[in-house]
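Student: Structure file input-v4.pdb (PDB, C-alpha atoms) is given on the next line.
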```pdb
ATOM      1  CA  MET A   1     -31.121   6.190 -65.530
ATOM      2  CA  ARG A   2     -27.421   6.731 -64.873
ATOM      3  CA  THR A   3     -28.042   9.381 -62.156
ATOM      4  CA  ARG A   4     -30.280   7.006 -60.218
ATOM      5  CA  LEU A   5     -27.569   4.375 -60.076
ATOM      6  CA  TYR A   6     -24.957   6.568 -58.343
ATOM      7  CA  PRO A   7     -26.637   6.599 -54.889
ATOM      8  CA  VAL A   8     -27.182   2.833 -55.027
ATOM      9  CA  VAL A   9     -23.546   2.189 -55.992
ATOM     10  CA  ALA A  10     -22.318   4.533 -53.249
ATOM     11  CA  ILE A  11     -24.397   2.747 -50.608
ATOM     12  CA  LEU A  12     -23.171  -0.657 -51.767
ATOM     13  CA  LEU A  13     -19.534   0.484 -51.639
ATOM     14  CA  LEU A  14     -19.899   1.970 -48.152
ATOM     15  CA  THR A  15     -21.504  -1.135 -46.699
ATOM     16  CA  ALA A  16     -18.913  -3.407 -48.314
ATOM     17  CA  THR A  17     -15.928  -1.647 -46.731
ATOM     18  CA  PRO A  18     -14.314  -3.132 -43.629
ATOM     19  CA  PHE A  19     -15.016   0.109 -41.718
ATOM     20  CA  ALA A  20     -18.743  -0.421 -42.007
ATOM     21  CA  ALA A  21     -18.521  -4.071 -40.972
ATOM     22  CA  GLN A  22     -16.350  -3.785 -37.851
ATOM     23  CA  PRO A  23     -16.819  -1.590 -34.800
ATOM     24  CA  ARG A  24     -13.927   0.602 -33.744
ATOM     25  CA  ARG A  25     -11.265  -1.156 -31.638
ATOM     26  CA  ASP A  26     -10.656   0.349 -28.208
ATOM     27  CA  ALA A  27      -8.704  -0.835 -25.190
ATOM     28  CA  LEU A  28      -8.658  -0.490 -21.437
ATOM     29  CA  VAL A  29      -5.238   1.061 -20.794
ATOM     30  CA  PHE A  30      -3.322   1.507 -17.570
ATOM     31  CA  ILE A  31      -1.603   4.828 -17.112
ATOM     32  CA  THR A  32       1.029   6.347 -14.872
ATOM     33  CA  SER A  33       2.930   9.592 -14.837
ATOM     34  CA  ARG A  34       5.731   9.954 -17.384
ATOM     35  CA  SER A  35       8.095  10.248 -14.419
ATOM     36  CA  GLN A  36       7.196   6.727 -13.221
ATOM     37  CA  THR A  37      10.003   4.324 -14.151
ATOM     38  CA  THR A  38       7.734   1.282 -14.497
ATOM     39  CA  THR A  39       6.789   0.784 -18.148
ATOM     40  CA  SER A  40       5.240  -2.687 -18.151
ATOM     41  CA  LEU A  41       3.267  -4.878 -15.771
ATOM     42  CA  SER A  42       1.812  -8.342 -16.032
ATOM     43  CA  THR A  43      -1.911  -8.962 -15.758
ATOM     44  CA  ALA A  44      -1.287 -10.571 -12.348
ATOM     45  CA  GLU A  45       0.735  -7.570 -11.151
ATOM     46  CA  LEU A  46      -2.054  -5.195 -12.220
ATOM     47  CA  ARG A  47      -4.648  -7.296 -10.421
ATOM     48  CA  ASN A  48      -2.521  -7.339  -7.268
ATOM     49  CA  ILE A  49      -2.026  -3.569  -7.366
ATOM     50  CA  PHE A  50      -5.715  -2.845  -7.902
ATOM     51  CA  LEU A  51      -6.699  -5.289  -5.147
ATOM     52  CA  GLY A  52      -4.259  -3.744  -2.677
ATOM     53  CA  ARG A  53      -2.023  -6.795  -2.436
ATOM     54  CA  THR A  54       0.913  -4.890  -3.930
ATOM     55  CA  THR A  55       1.175  -1.458  -2.343
ATOM     56  CA  ARG A  56       4.626  -0.235  -3.382
ATOM     57  CA  TRP A  57       6.463   0.374  -6.627
ATOM     58  CA  LYS A  58       9.834  -1.320  -7.117
ATOM     59  CA  ASN A  59      11.527   1.877  -5.894
ATOM     60  CA  GLY A  60       9.723   1.495  -2.537
ATOM     61  CA  ARG A  61       7.279   4.358  -2.995
ATOM     62  CA  ARG A  62       3.645   3.810  -2.056
ATOM     63  CA  ILE A  63       1.272   3.263  -5.005
ATOM     64  CA  LEU A  64      -1.708   5.618  -5.252
ATOM     65  CA  VAL A  65      -4.516   3.598  -6.840
ATOM     66  CA  ILE A  66      -7.118   5.529  -8.808
ATOM     67  CA  VAL A  67     -10.228   3.745 -10.103
ATOM     68  CA  ARG A  68     -13.187   4.757 -12.212
ATOM     69  CA  PRO A  69     -16.734   4.167 -10.970
ATOM     70  CA  ALA A  70     -18.606   1.109 -12.213
ATOM     71  CA  THR A  71     -21.055   3.476 -13.928
ATOM     72  CA  THR A  72     -18.390   4.272 -16.551
ATOM     73  CA  PRO A  73     -17.562   1.924 -19.447
ATOM     74  CA  ALA A  74     -13.927   1.771 -18.263
ATOM     75  CA  GLY A  75     -15.036   0.970 -14.693
ATOM     76  CA  ARG A  76     -17.323  -1.856 -15.799
ATOM     77  CA  ASP A  77     -14.669  -3.355 -18.058
ATOM     78  CA  PHE A  78     -12.090  -3.113 -15.260
ATOM     79  CA  LEU A  79     -14.302  -4.926 -12.745
ATOM     80  CA  ASP A  80     -15.223  -7.651 -15.245
ATOM     81  CA  ARG A  81     -11.824  -8.296 -16.803
ATOM     82  CA  VAL A  82      -9.076  -7.182 -14.418
ATOM     83  CA  VAL A  83     -10.254  -7.884 -10.870
ATOM     84  CA  ARG A  84     -13.111 -10.183 -11.940
ATOM     85  CA  MET A  85     -15.411  -8.972  -9.147
ATOM     86  CA  SER A  86     -18.687  -7.185  -8.754
ATOM     87  CA  GLU A  87     -18.572  -3.585  -7.600
ATOM     88  CA  ILE A  88     -19.758  -4.492  -4.095
ATOM     89  CA  ASP A  89     -17.222  -7.327  -3.748
ATOM     90  CA  PHE A  90     -14.423  -5.013  -4.893
ATOM     91  CA  SER A  91     -15.448  -2.363  -2.344
ATOM     92  CA  GLN A  92     -15.771  -4.896   0.478
ATOM     93  CA  ASP A  93     -12.389  -6.424  -0.363
ATOM     94  CA  TRP A  94     -10.760  -2.993  -0.009
ATOM     95  CA  LEU A  95     -12.645  -2.158   3.190
ATOM     96  CA  ALA A  96     -11.465  -5.428   4.716
ATOM     97  CA  ALA A  97      -7.856  -4.693   3.679
ATOM     98  CA  VAL A  98      -8.051  -1.229   5.283
ATOM     99  CA  PHE A  99      -9.629  -2.671   8.453
ATOM    100  CA  ARG A 100      -6.877  -5.322   8.750
ATOM    101  CA  GLY A 101      -4.213  -2.641   8.261
ATOM    102  CA  GLN A 102      -2.900  -4.176   5.029
ATOM    103  CA  VAL A 103      -3.392  -0.876   3.191
ATOM    104  CA  SER A 104      -3.568   2.674   4.467
ATOM    105  CA  SER A 105      -6.585   3.695   2.400
ATOM    106  CA  ALA A 106      -8.965   2.518  -0.299
ATOM    107  CA  PRO A 107      -8.462   3.570  -3.917
ATOM    108  CA  ARG A 108      -9.397   7.075  -4.913
ATOM    109  CA  VAL A 109     -12.526   6.957  -7.094
ATOM    110  CA  VAL A 110     -12.417   9.557  -9.858
ATOM    111  CA  ALA A 111     -15.310   9.822 -12.286
ATOM    112  CA  SER A 112     -14.149  12.168 -15.030
ATOM    113  CA  THR A 113     -11.405  11.287 -17.460
ATOM    114  CA  ASP A 114      -9.988  14.806 -17.205
ATOM    115  CA  ALA A 115      -9.633  14.472 -13.427
ATOM    116  CA  VAL A 116      -7.953  11.070 -13.840
ATOM    117  CA  ARG A 117      -5.458  12.473 -16.345
ATOM    118  CA  LYS A 118      -4.647  15.430 -14.078
ATOM    119  CA  ALA A 119      -4.230  13.204 -11.023
ATOM    120  CA  ILE A 120      -1.879  10.881 -12.900
ATOM    121  CA  ALA A 121       0.161  13.695 -14.442
ATOM    122  CA  GLY A 122       0.567  15.306 -11.021
ATOM    123  CA  ASN A 123       1.614  12.215  -9.041
ATOM    124  CA  ALA A 124       4.533   9.984 -10.029
ATOM    125  CA  ASN A 125       3.235   7.187  -7.774
ATOM    126  CA  ALA A 126      -0.328   7.001  -9.113
ATOM    127  CA  ILE A 127      -1.801   4.382 -11.419
ATOM    128  CA  ALA A 128      -5.208   4.430 -13.081
ATOM    129  CA  PHE A 129      -7.079   3.091 -16.068
ATOM    130  CA  VAL A 130      -9.065   4.700 -18.870
ATOM    131  CA  LEU A 131     -10.280   3.709 -22.281
ATOM    132  CA  ARG A 132      -7.664   4.554 -24.859
ATOM    133  CA  SER A 133     -10.241   6.554 -26.793
ATOM    134  CA  GLU A 134     -10.532   8.862 -23.762
ATOM    135  CA  LEU A 135      -6.921  10.012 -24.021
ATOM    136  CA  VAL A 136      -5.918  13.072 -26.023
ATOM    137  CA  VAL A 137      -2.709  13.906 -27.877
ATOM    138  CA  GLU A 138      -1.625  16.357 -25.171
ATOM    139  CA  ASP A 139      -1.465  13.471 -22.684
ATOM    140  CA  GLU A 140       1.660  12.084 -24.386
ATOM    141  CA  THR A 141       3.858  14.607 -22.594
ATOM    142  CA  SER A 142       2.671  13.788 -19.065
ATOM    143  CA  ILE A 143       1.154  10.282 -19.116
ATOM    144  CA  ARG A 144       2.661   6.879 -19.828
ATOM    145  CA  ILE A 145       0.537   4.020 -21.136
ATOM    146  CA  LEU A 146       1.852   0.834 -19.563
ATOM    147  CA  ALA A 147       2.457  -2.311 -21.570
ATOM    148  CA  VAL A 148       0.576  -5.317 -20.173
ATOM    149  CA  ASP A 149       2.176  -8.754 -20.413
ATOM    150  CA  GLY A 150       4.744  -7.130 -22.710
ATOM    151  CA  LYS A 151       2.034  -5.949 -25.139
ATOM    152  CA  THR A 152       1.036  -2.401 -26.003
ATOM    153  CA  PRO A 153      -2.593  -1.530 -26.798
ATOM    154  CA  ASP A 154      -1.651  -1.535 -30.509
ATOM    155  CA  ASP A 155      -0.712  -5.227 -30.389
ATOM    156  CA  ALA A 156      -3.376  -7.623 -31.632
ATOM    157  CA  SER A 157      -2.906  -9.801 -28.535
ATOM    158  CA  TYR A 158      -3.195  -6.975 -25.974
ATOM    159  CA  PRO A 159      -5.244  -8.540 -23.153
ATOM    160  CA  PHE A 160      -7.764  -5.744 -22.546
ATOM    161  CA  VAL A 161      -9.170  -4.923 -25.968
ATOM    162  CA  THR A 162     -12.768  -3.756 -25.929
ATOM    163  CA  ARG A 163     -15.308  -3.037 -28.660
TER
END
```
Translate this structure into structure tokens?
Tutor:
Amino acid sequence: MRTRLYPVVAILLLTATPFAAQPRRDALVFITSRSQTTTSLSTAELRNIFLGRTTRWKNGRRILVIVRPATTPAGRDFLDRVVRMSEIDFSQDWLAAVFRGQVSSAPRVVASTDAVRKAIAGNANAIAFVLRSELVVEDETSIRILAVDGKTPDDASYPFVTR
């Protein structure tokens, strides 16, 4: 009788733990090269950068905007929560800005996380976004995760937490 109870007790303990009840917390993070001096941006500043309304860093250098496609979880979350546009509206907004001469080119679309990390590490003026879970420990030496509204992704009130 005692041996039959062990599996039942183990199952009850596993399902009662907070790990079983809550999905893992992830966040949409904005990254730049470690050599970029900017360490924090507001939500409004991020939106303006990714919509092409702000085209230069505070040091005067041109911002290289890198986006993920809407087919990625990070890309969908970005469109919904940061720019609050559909994919087609986002594309048309950039095309119009290029046509009017407000920006020199549309954002670079990069699908793979590895390519995004390499592009950021190799360009001090680039900014991109990824899910925090997509970053690896080695990135700490070449990539900076920006604070948003003064909050890091570890803060409970970070604005771009996902599930």
Student: Which residues come within 9 Å of A:Ala74, counting all atoms listed in the file, excluding same-chain residues fewer than 3 positions away, as a list in words?
Tutor: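 These residues fall inside the cut-off: Leu28, Arg68, Pro69, Ala70, Thr71, Asp77, Phe78, Leu79, Phe129, Val130 and Leu131 of chain A.
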Student: Limited to C-alpha atoms, could you put the picked residues into a file as a PDB file, in the coordinates of the input?
Tutor:
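The file below, again36.pdb, is the result:
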```pdb
ATOM      1  CA  LEU A  28      -8.658  -0.490 -21.437  1.00  0.00           C
ATOM      2  CA  ARG A  68     -13.187   4.757 -12.212  1.00  0.00           C
ATOM      3  CA  PRO A  69     -16.734   4.167 -10.970  1.00  0.00           C
ATOM      4  CA  ALA A  70     -18.606   1.109 -12.213  1.00  0.00           C
ATOM      5  CA  THR A  71     -21.055   3.476 -13.928  1.00  0.00           C
ATOM      6  CA  ASP A  77     -14.669  -3.355 -18.058  1.00  0.00           C
ATOM      7  CA  PHE A  78     -12.090  -3.113 -15.260  1.00  0.00           C
ATOM      8  CA  LEU A  79     -14.302  -4.926 -12.745  1.00  0.00           C
ATOM      9  CA  PHE A 129      -7.079   3.091 -16.068  1.00  0.00           C
ATOM     10  CA  VAL A 130      -9.065   4.700 -18.870  1.00  0.00           C
ATOM     11  CA  LEU A 131     -10.280   3.709 -22.281  1.00  0.00           C
TER      12      LEU A 131
END
```
Student: On this file, the PyMOL selection byres ((chain A and resi 106) around 9) gives some set of residues; write that set as an mmCIF file with C-alpha atoms, in the coordinates of the input.
Tutor:
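So the final result, stored in out_16.cif, reads:
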```cif
data_model
loop_
_atom_site.group_PDB
_atom_site.id
_atom_site.type_symbol
_atom_site.label_atom_id
_atom_site.label_comp_id
_atom_site.auth_asym_id
_atom_site.auth_seq_id
_atom_site.Cartn_x
_atom_site.Cartn_y
_atom_site.Cartn_z
ATOM 1 C CA GLY A 52 -4.259 -3.744 -2.677
ATOM 2 C CA VAL A 65 -4.516 3.598 -6.840
ATOM 3 C CA SER A 91 -15.448 -2.363 -2.344
ATOM 4 C CA TRP A 94 -10.760 -2.993 -0.009
ATOM 5 C CA LEU A 95 -12.645 -2.158 3.190
ATOM 6 C CA ALA A 97 -7.856 -4.693 3.679
ATOM 7 C CA VAL A 98 -8.051 -1.229 5.283
ATOM 8 C CA VAL A 103 -3.392 -0.876 3.191
ATOM 9 C CA SER A 104 -3.568 2.674 4.467
ATOM 10 C CA SER A 105 -6.585 3.695 2.400
ATOM 11 C CA PRO A 107 -8.462 3.570 -3.917
ATOM 12 C CA ARG A 108 -9.397 7.075 -4.913
ATOM 13 C CA VAL A 109 -12.526 6.957 -7.094
#
```
Student: Where does the PyMOL selection byres ((chain A and resi 122) around 10) land in this file, that is, which residues does it pick, as a list in words?
Tutor: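 In the shown coordinates, the PyMOL selection byres ((chain A and resi 122) around 10) covers Thr32, Ser33, Arg34, Ser35, Val116, Arg117, Lys118, Ala119, Ile120, Ala121, Asn123, Ala124, Asn125, Ala126, Ser142 and Ile143 of chain A.
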Student: Could you check how far atom CA of A:Ala156 sits from atom CA of A:Ile127, in Å to one decimal?
Tutor: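 Atom CA of A:Ile127 lies 23.6 Å from atom CA of A:Ala156.
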Student: Return the single residue from A:Tyr158, A:Ala111, A:Arg47, A:Lys151 that is closest to A:Asp80, with distances computed using all atoms listed in the file.
Tutor: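 Answer, going by the shortest atom-to-atom distance: A:Arg47.
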Student: Grab the atom CA of A:Arg25 to atom CA of A:Val83 distance for me, in Å with one decimal place.
Tutor: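 Taking atom CA of A:Arg25 as the start and atom CA of A:Val83 as the end point, the length is 21.9 Å.
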